[in-house]
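Structure data follow from structure.cif (mmCIF, C-alpha atoms):
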data_structure
loop_
_atom_site.group_PDB
_atom_site.id
_atom_site.type_symbol
_atom_site.label_atom_id
_atom_site.label_comp_id
_atom_site.auth_asym_id
_atom_site.auth_seq_id
_atom_site.Cartn_x
_atom_site.Cartn_y
_atom_site.Cartn_z
ATOM 1 C CA ASP A 1 34.618 1.668 1.204
ATOM 2 C CA ARG A 2 31.409 3.554 0.416
ATOM 3 C CA LEU A 3 28.986 3.119 -2.459
ATOM 4 C CA LEU A 4 26.386 5.805 -3.161
ATOM 5 C CA ILE A 5 23.410 4.800 -5.290
ATOM 6 C CA LEU A 6 20.847 7.397 -6.407
ATOM 7 C CA VAL A 7 17.718 6.195 -8.231
ATOM 8 C CA HIS A 8 14.512 8.111 -8.940
ATOM 9 C CA HIS A 9 11.434 6.743 -7.167
ATOM 10 C CA LEU A 10 9.648 6.313 -10.515
ATOM 11 C CA VAL A 11 12.251 3.672 -11.371
ATOM 12 C CA LEU A 12 12.564 1.961 -8.001
ATOM 13 C CA ASP A 13 9.682 1.379 -5.563
ATOM 14 C CA ALA A 14 10.127 -0.226 -2.128
ATOM 15 C CA ALA A 15 9.733 -3.786 -3.431
ATOM 16 C CA SER A 16 12.164 -3.113 -6.297
ATOM 17 C CA PHE A 17 14.686 -1.696 -3.849
ATOM 18 C CA GLN A 18 14.743 -4.964 -1.891
ATOM 19 C CA LEU A 19 15.218 -6.917 -5.133
ATOM 20 C CA PHE A 20 17.994 -4.597 -6.222
ATOM 21 C CA LEU A 21 19.878 -4.835 -2.923
ATOM 22 C CA ALA A 22 19.508 -8.627 -2.765
ATOM 23 C CA ASP A 23 20.863 -9.065 -6.300
ATOM 24 C CA LEU A 24 23.670 -6.595 -5.688
ATOM 25 C CA TRP A 25 24.726 -8.455 -2.528
ATOM 26 C CA THR A 26 24.499 -11.864 -4.272
ATOM 27 C CA ALA A 27 26.607 -10.654 -7.195
ATOM 28 C CA TYR A 28 29.144 -9.118 -4.809
ATOM 29 C CA GLN A 29 29.476 -12.364 -2.830
ATOM 30 C CA GLN A 30 29.836 -14.410 -6.015
ATOM 31 C CA ARG A 31 32.570 -12.177 -7.430
ATOM 32 C CA LEU A 32 34.306 -12.089 -4.059
ATOM 33 C CA ALA A 33 34.467 -15.892 -4.183
ATOM 34 C CA GLY A 34 35.841 -15.805 -7.713
ATOM 35 C CA GLN A 35 32.600 -17.088 -9.226
ATOM 36 C CA PRO A 36 30.752 -15.693 -12.256
ATOM 37 C CA THR A 37 27.693 -13.584 -11.538
ATOM 38 C CA ASP A 38 24.638 -15.839 -11.598
ATOM 39 C CA LEU A 39 21.342 -14.181 -10.644
ATOM 40 C CA PRO A 40 17.772 -15.533 -10.815
ATOM 41 C CA PRO A 41 16.076 -14.941 -14.180
ATOM 42 C CA PRO A 42 14.141 -11.679 -14.592
ATOM 43 C CA THR A 43 10.361 -11.669 -14.695
ATOM 44 C CA ALA A 44 8.096 -9.874 -17.189
ATOM 45 C CA SER A 45 9.159 -6.581 -18.709
ATOM 46 C CA LEU A 46 7.191 -3.360 -18.228
ATOM 47 C CA THR A 47 6.032 -3.708 -21.849
ATOM 48 C CA GLU A 48 4.573 -7.167 -21.145
ATOM 49 C CA TRP A 49 2.984 -5.926 -17.940
ATOM 50 C CA THR A 50 1.390 -2.977 -19.764
ATOM 51 C CA ALA A 51 -0.104 -5.348 -22.352
ATOM 52 C CA ALA A 52 -1.565 -7.490 -19.560
ATOM 53 C CA LEU A 53 -2.932 -4.320 -17.960
ATOM 54 C CA ASP A 54 -4.717 -3.452 -21.195
ATOM 55 C CA CYS A 55 -6.373 -6.899 -21.260
ATOM 56 C CA TYR A 56 -7.371 -6.488 -17.621
ATOM 57 C CA LEU A 57 -8.987 -3.133 -18.386
ATOM 58 C CA LYS A 58 -11.009 -4.509 -21.326
ATOM 59 C CA ALA A 59 -12.362 -7.524 -19.430
ATOM 60 C CA PRO A 60 -16.220 -7.482 -19.121
ATOM 61 C CA GLU A 61 -16.142 -7.554 -15.300
ATOM 62 C CA ARG A 62 -14.469 -4.132 -15.221
ATOM 63 C CA ALA A 63 -17.845 -2.548 -16.065
ATOM 64 C CA GLN A 64 -19.331 -4.120 -12.937
ATOM 65 C CA GLU A 65 -16.390 -2.907 -10.884
ATOM 66 C CA ILE A 66 -17.047 0.677 -12.002
ATOM 67 C CA GLU A 67 -20.451 0.457 -10.325
ATOM 68 C CA LEU A 68 -18.818 -0.796 -7.147
ATOM 69 C CA TRP A 69 -16.573 2.267 -6.886
ATOM 70 C CA VAL A 70 -19.180 4.810 -8.011
ATOM 71 C CA ASP A 71 -22.071 3.503 -5.900
ATOM 72 C CA GLN A 72 -20.237 3.587 -2.574
ATOM 73 C CA PRO A 73 -21.998 5.928 -0.093
ATOM 74 C CA TRP A 74 -18.993 8.248 -0.006
ATOM 75 C CA SER A 75 -21.128 11.155 1.233
ATOM 76 C CA GLU A 76 -21.685 9.378 4.562
ATOM 77 C CA ALA A 77 -18.112 10.171 5.558
ATOM 78 C CA ALA A 78 -17.530 13.373 7.493
ATOM 79 C CA GLU A 79 -15.083 16.034 6.396
ATOM 80 C CA ILE A 80 -12.129 16.643 8.673
ATOM 81 C CA PRO A 81 -12.944 19.671 10.865
ATOM 82 C CA LEU A 82 -10.601 22.644 10.978
ATOM 83 C CA ASP A 83 -9.599 24.217 14.282
ATOM 84 C CA GLU A 84 -8.479 27.335 12.448
ATOM 85 C CA VAL A 85 -7.312 28.291 8.978
ATOM 86 C CA LEU A 86 -3.614 29.148 9.058
ATOM 87 C CA GLY A 87 -2.919 29.210 5.341
ATOM 88 C CA PRO A 88 -3.569 27.439 2.064
ATOM 89 C CA ASN A 89 -3.904 23.664 2.033
ATOM 90 C CA ILE A 90 -0.531 23.022 0.412
ATOM 91 C CA LYS A 91 2.544 21.060 1.409
ATOM 92 C CA SER A 92 4.544 24.078 2.568
ATOM 93 C CA SER A 93 1.899 24.926 5.186
ATOM 94 C CA ALA A 94 1.789 21.372 6.605
ATOM 95 C CA ARG A 95 3.182 20.472 10.023
ATOM 96 C CA LYS A 96 4.284 17.076 11.267
ATOM 97 C CA LEU A 97 3.745 15.401 14.624
ATOM 98 C CA ARG A 98 6.223 12.603 15.280
ATOM 99 C CA ILE A 99 5.596 9.939 17.911
ATOM 100 C CA GLU A 100 7.881 6.965 18.466
ATOM 101 C CA LEU A 101 7.041 3.600 20.009
ATOM 102 C CA ASP A 102 9.547 1.735 22.146
ATOM 103 C CA GLU A 103 10.866 -1.661 21.068
ATOM 104 C CA PRO A 104 8.420 -3.840 23.128
ATOM 105 C CA SER A 105 5.418 -1.899 21.816
ATOM 106 C CA SER A 106 6.684 -2.125 18.246
ATOM 107 C CA ARG A 107 7.260 -5.875 18.561
ATOM 108 C CA ALA A 108 3.764 -6.373 19.963
ATOM 109 C CA LEU A 109 2.155 -4.309 17.208
ATOM 110 C CA LEU A 110 4.112 -5.793 14.312
ATOM 111 C CA SER A 111 4.234 -9.473 15.239
ATOM 112 C CA GLU A 112 2.770 -10.652 18.543
ATOM 113 C CA LEU A 113 -0.734 -9.134 18.390
ATOM 114 C CA PRO A 114 -1.409 -9.896 14.689
ATOM 115 C CA ARG A 115 -0.314 -13.513 15.185
ATOM 116 C CA ARG A 116 -2.335 -13.960 18.373
ATOM 117 C CA HIS A 117 -5.550 -12.446 17.011
ATOM 118 C CA GLY A 118 -5.272 -13.461 13.348
ATOM 119 C CA LEU A 119 -5.102 -9.848 12.127
ATOM 120 C CA ASP A 120 -2.941 -8.093 9.592
ATOM 121 C CA THR A 121 -0.622 -5.417 10.969
ATOM 122 C CA ARG A 122 -2.232 -2.907 8.595
ATOM 123 C CA ASP A 123 -5.619 -3.440 10.251
ATOM 124 C CA LEU A 124 -4.149 -2.710 13.664
ATOM 125 C CA LEU A 125 -2.375 0.384 12.361
ATOM 126 C CA LEU A 126 -5.613 1.620 10.761
ATOM 127 C CA ALA A 127 -7.698 1.053 13.888
ATOM 128 C CA GLY A 128 -5.885 3.760 15.862
ATOM 129 C CA PRO A 129 -6.302 6.759 13.545
ATOM 130 C CA LEU A 130 -9.743 5.609 12.386
ATOM 131 C CA GLY A 131 -11.027 5.444 15.971
ATOM 132 C CA ALA A 132 -9.534 8.886 16.618
ATOM 133 C CA LEU A 133 -11.221 10.320 13.495
ATOM 134 C CA VAL A 134 -14.580 8.850 14.530
ATOM 135 C CA GLU A 135 -14.269 10.402 17.988
ATOM 136 C CA TRP A 136 -13.088 13.739 16.577
ATOM 137 C CA THR A 137 -15.693 14.119 13.827
ATOM 138 C CA GLY A 138 -18.591 12.328 15.529
ATOM 139 C CA CYS A 139 -19.098 10.266 12.352
ATOM 140 C CA ASP A 140 -18.624 6.492 12.248
ATOM 141 C CA HIS A 141 -17.816 6.457 8.499
ATOM 142 C CA GLN A 142 -14.434 7.612 7.266
ATOM 143 C CA VAL A 143 -12.670 7.533 3.897
ATOM 144 C CA VAL A 144 -9.014 6.542 3.874
ATOM 145 C CA TYR A 145 -6.616 5.973 0.985
ATOM 146 C CA LEU A 146 -4.679 2.727 1.166
ATOM 147 C CA LEU A 147 -1.409 1.990 -0.600
ATOM 148 C CA ASP A 148 -0.508 -1.430 -2.007
ATOM 149 C CA HIS A 149 2.573 -2.771 -3.779
ATOM 150 C CA GLY A 150 0.497 -3.153 -6.977
ATOM 151 C CA ARG A 151 2.254 -6.294 -8.211
ATOM 152 C CA GLY A 152 -0.902 -8.381 -8.453
ATOM 153 C CA PRO A 153 -1.869 -11.009 -8.812
ATOM 154 C CA PHE A 154 -4.733 -9.750 -10.915
ATOM 155 C CA PRO A 155 -6.611 -11.856 -13.500
ATOM 156 C CA GLY A 156 -4.531 -12.464 -16.577
ATOM 157 C CA SER A 157 -1.481 -10.832 -15.021
ATOM 158 C CA VAL A 158 2.088 -11.639 -15.811
ATOM 159 C CA ASP A 159 4.739 -12.291 -13.196
ATOM 160 C CA VAL A 160 6.471 -9.084 -12.108
ATOM 161 C CA SER A 161 7.788 -10.403 -8.793
ATOM 162 C CA ARG A 162 11.370 -9.683 -9.922
ATOM 163 C CA THR A 163 10.656 -6.703 -12.176
ATOM 164 C CA VAL A 164 12.179 -3.381 -11.166
ATOM 165 C CA GLY A 165 9.869 -0.387 -11.432
ATOM 166 C CA TRP A 166 7.167 1.540 -9.619
ATOM 167 C CA PHE A 167 3.987 -0.552 -9.388
ATOM 168 C CA ALA A 168 2.413 0.987 -6.270
ATOM 169 C CA THR A 169 -1.357 1.494 -6.295
ATOM 170 C CA SER A 170 -3.534 3.759 -4.148
ATOM 171 C CA TYR A 171 -7.274 3.441 -3.664
ATOM 172 C CA PRO A 172 -9.998 4.869 -1.375
ATOM 173 C CA VAL A 173 -11.921 2.743 1.100
ATOM 174 C CA LEU A 174 -15.043 3.778 3.005
ATOM 175 C CA LEU A 175 -14.609 2.262 6.463
ATOM 176 C CA ALA A 176 -17.418 1.955 8.998
ATOM 177 C CA TRP A 177 -16.439 1.967 12.672
ATOM 178 C CA PRO A 178 -18.411 -0.701 14.577
ATOM 179 C CA GLY A 179 -18.203 0.868 18.000
ATOM 180 C CA GLY A 180 -16.473 -0.728 20.945
ATOM 181 C CA GLY A 181 -12.731 -0.805 21.442
ATOM 182 C CA PRO A 182 -9.768 -0.964 19.078
ATOM 183 C CA TRP A 183 -9.960 -4.757 18.738
ATOM 184 C CA GLN A 184 -13.516 -4.638 17.401
ATOM 185 C CA GLY A 185 -12.429 -1.829 15.112
ATOM 186 C CA ALA A 186 -9.436 -3.767 13.792
ATOM 187 C CA VAL A 187 -11.585 -6.855 13.086
ATOM 188 C CA ALA A 188 -14.182 -4.749 11.243
ATOM 189 C CA ILE A 189 -11.473 -2.985 9.235
ATOM 190 C CA ALA A 190 -9.987 -6.341 8.226
ATOM 191 C CA GLU A 191 -13.356 -7.560 6.925
ATOM 192 C CA GLN A 192 -14.036 -4.366 4.977
ATOM 193 C CA ARG A 193 -10.537 -4.176 3.537
ATOM 194 C CA LYS A 194 -10.657 -7.797 2.344
ATOM 195 C CA ALA A 195 -13.995 -7.119 0.621
ATOM 196 C CA VAL A 196 -12.300 -4.714 -1.816
ATOM 197 C CA PRO A 197 -11.772 -6.659 -5.078
ATOM 198 C CA HIS A 198 -8.191 -7.336 -6.134
ATOM 199 C CA ARG A 199 -6.854 -5.244 -3.235
ATOM 200 C CA GLY A 200 -8.049 -2.064 -4.943
ATOM 201 C CA PHE A 201 -6.004 -2.676 -8.078
ATOM 202 C CA GLY A 202 -8.915 -1.880 -10.416
ATOM 203 C CA TYR A 203 -9.495 1.593 -8.985
ATOM 204 C CA GLY A 204 -6.420 3.200 -10.507
ATOM 205 C CA VAL A 205 -6.827 1.286 -13.774
ATOM 206 C CA LEU A 206 -10.425 2.434 -14.190
ATOM 207 C CA ARG A 207 -9.807 6.003 -13.098
ATOM 208 C CA TYR A 208 -6.615 6.787 -15.014
ATOM 209 C CA PHE A 209 -6.866 4.509 -18.067
#
Could you render the structure from this file as structure tokens?
Amino acid sequence: DRLLILVHHLVLDAASFQLFLADLWTAYQQRLAGQPTDLPPPTASLTEWTAALDCYLKAPERAQEIELWVDQPWSEAAEIPLDEVLGPNIKSSARKLRIELDEPSSRALLSELPRRHGLDTRDLLLAGPLGALVEWTGCDHQVVYLLDHGRGPFPGSVDVSRTVGWFATSYPVLLAWPGGGPWQGAVAIAEQRKAVPHRGFGYGVLRYF
């Protein structure tokens, strides 16, 4: 009564995993009821998506977007200070600090506060570490890398909402802390994050293609 499924992350990102499990459960229920397997139609293939990506890259507005990424005042952000050097900056020398929130705090952070104040949960989650970095470094500008599911929509894109693969995108954002408390910080982060075109999709395309 156990099923073990092993899939490399390059084949299955978080969004794909949800699709995969949903289809697997639907097919299982259908076969259990003696019905033929009938799943929703697949969306665009990786080949079709790659062709759309090529068109996106060659669009005239990409040249303007290059200026947006290059001309950011990245140098205004402070480097993270070191208390002491304990070894090379590699994964094996890293240490983790784990902190858990109780259920009421988690519910407030994930649903109640965003709904009440019209904020995205990501903005609230960013406000905490960003405020701490500002206090620690004494600099009100910080660079953070944000991760997105990377499934668009971007101009001229094809539908990959049911395509299995790894579409995640990562991009840097220079965030300015406005002063005040965490609420002011979260509101400012939301405005700056929304100002990034196409949710940062163009950054990886321009840098790696």
Sorted by chain and rising residue number, which residues of region 87-185 of chain A lie within 10 Å of region 20-23 of chain A, and what are their closest atom pairs and distances in Å to one decimal, counting all atoms listed in the file, as JSON lines?
{"residue": "A:Arg162", "atom": "CA", "partner": "A:Phe20", "partner_atom": "CA", "distance": 9.1}
{"residue": "A:Thr163", "atom": "CA", "partner": "A:Phe20", "partner_atom": "CA", "distance": 9.7}
{"residue": "A:Val164", "atom": "CA", "partner": "A:Phe20", "partner_atom": "CA", "distance": 7.7}
message = I'd like to see the residues matched by the PyMOL selection byres ((chain A and resi 150) around 9) on this file, and ideally I'd get them as an MDAnalysis selection string.
response = chainID A and resid 147:149 151:153 166:170 199:201
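Evaluating the PyMOL selection byres ((chain A and resi 2-12) around 6) against the shown model yields A:Asp1, A:Asp13, A:Ser16, A:Phe17, A:Gly165, A:Trp166.
Our summary of the geometry notes that CA of Glu65 (chain A) is positioned 15.2 Å from CA of Lys194 (chain A).
CA of Leu124 (chain A) lies 12.4 Å from CA of Glu191 (chain A).
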CA of Gly128 (chain A) to CA of Val143 (chain A), distance in Å rounded to a single decimal = 14.3 Å
key: Among the residues A:Arg95, A:Asp54, A:Ala108, A:Pro197, the one that comes closest to Ile66 (chain A) [using only C-alpha atoms]   = A:Pro197
request  = Apply the PyMOL selection byres ((chain A and resi 81-91) around 12) to the displayed file and report the matching residues as a list in words.
outcome  = Ala78, Glu79, Ile80, Ser92, Ser93, Ala94, Arg95, Lys96, Leu133, Val134, Glu135, Trp136, Thr137, Gly138 and Cys139 of chain A
query = So which one's closest to Thr50 (chain A), A:Ala190, A:Val70, A:Val158, A:Val196? Using only C-alpha atoms, please.
reply = A:Val158
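For the choices A:Ala44, A:Leu39, A:Val187, A:Leu32, the atom-to-atom distance to Ser157 (chain A) is smallest for A:Ala44 when using only C-alpha atoms.
Among the candidates A:Leu24, A:Ala51, A:Ala15, A:Ser105, the residue lying nearest to Asp38 (chain A) is A:Leu24 (atoms considered: all atoms listed in the file).
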request  = Do a neighbour search on Leu109 (chain A) at 12 Å with all atoms listed in the file, toss out local chain neighbours closer than 2 positions, and write the hits as a PyMOL selection string.
outcome  = chain A and resi 101-107+111-117+119-128
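Among the candidates A:Ala195, A:Leu110, A:Leu130, A:Ala176, the one nearest to Leu68 (chain A) when counting only C-alpha atoms is A:Ala195.
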Taking all atoms of region 169-187 of chain A that appear in the file, build a box with edges along x, y and z, extend it by 6 Å on every side, and state its centre and edge lengths in Å to one decimal, as AutoDock Vina command-line options.
--center_x -9.9 --center_y -1.0 --center_z 7.6 --size_x 29.1 --size_y 23.7 --size_z 39.7
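Comparing A:Trp183, A:Trp177, A:Tyr145, A:Tyr56 by their smallest distance to Leu206 (chain A), the closest is A:Tyr56 (using all atoms listed in the file).
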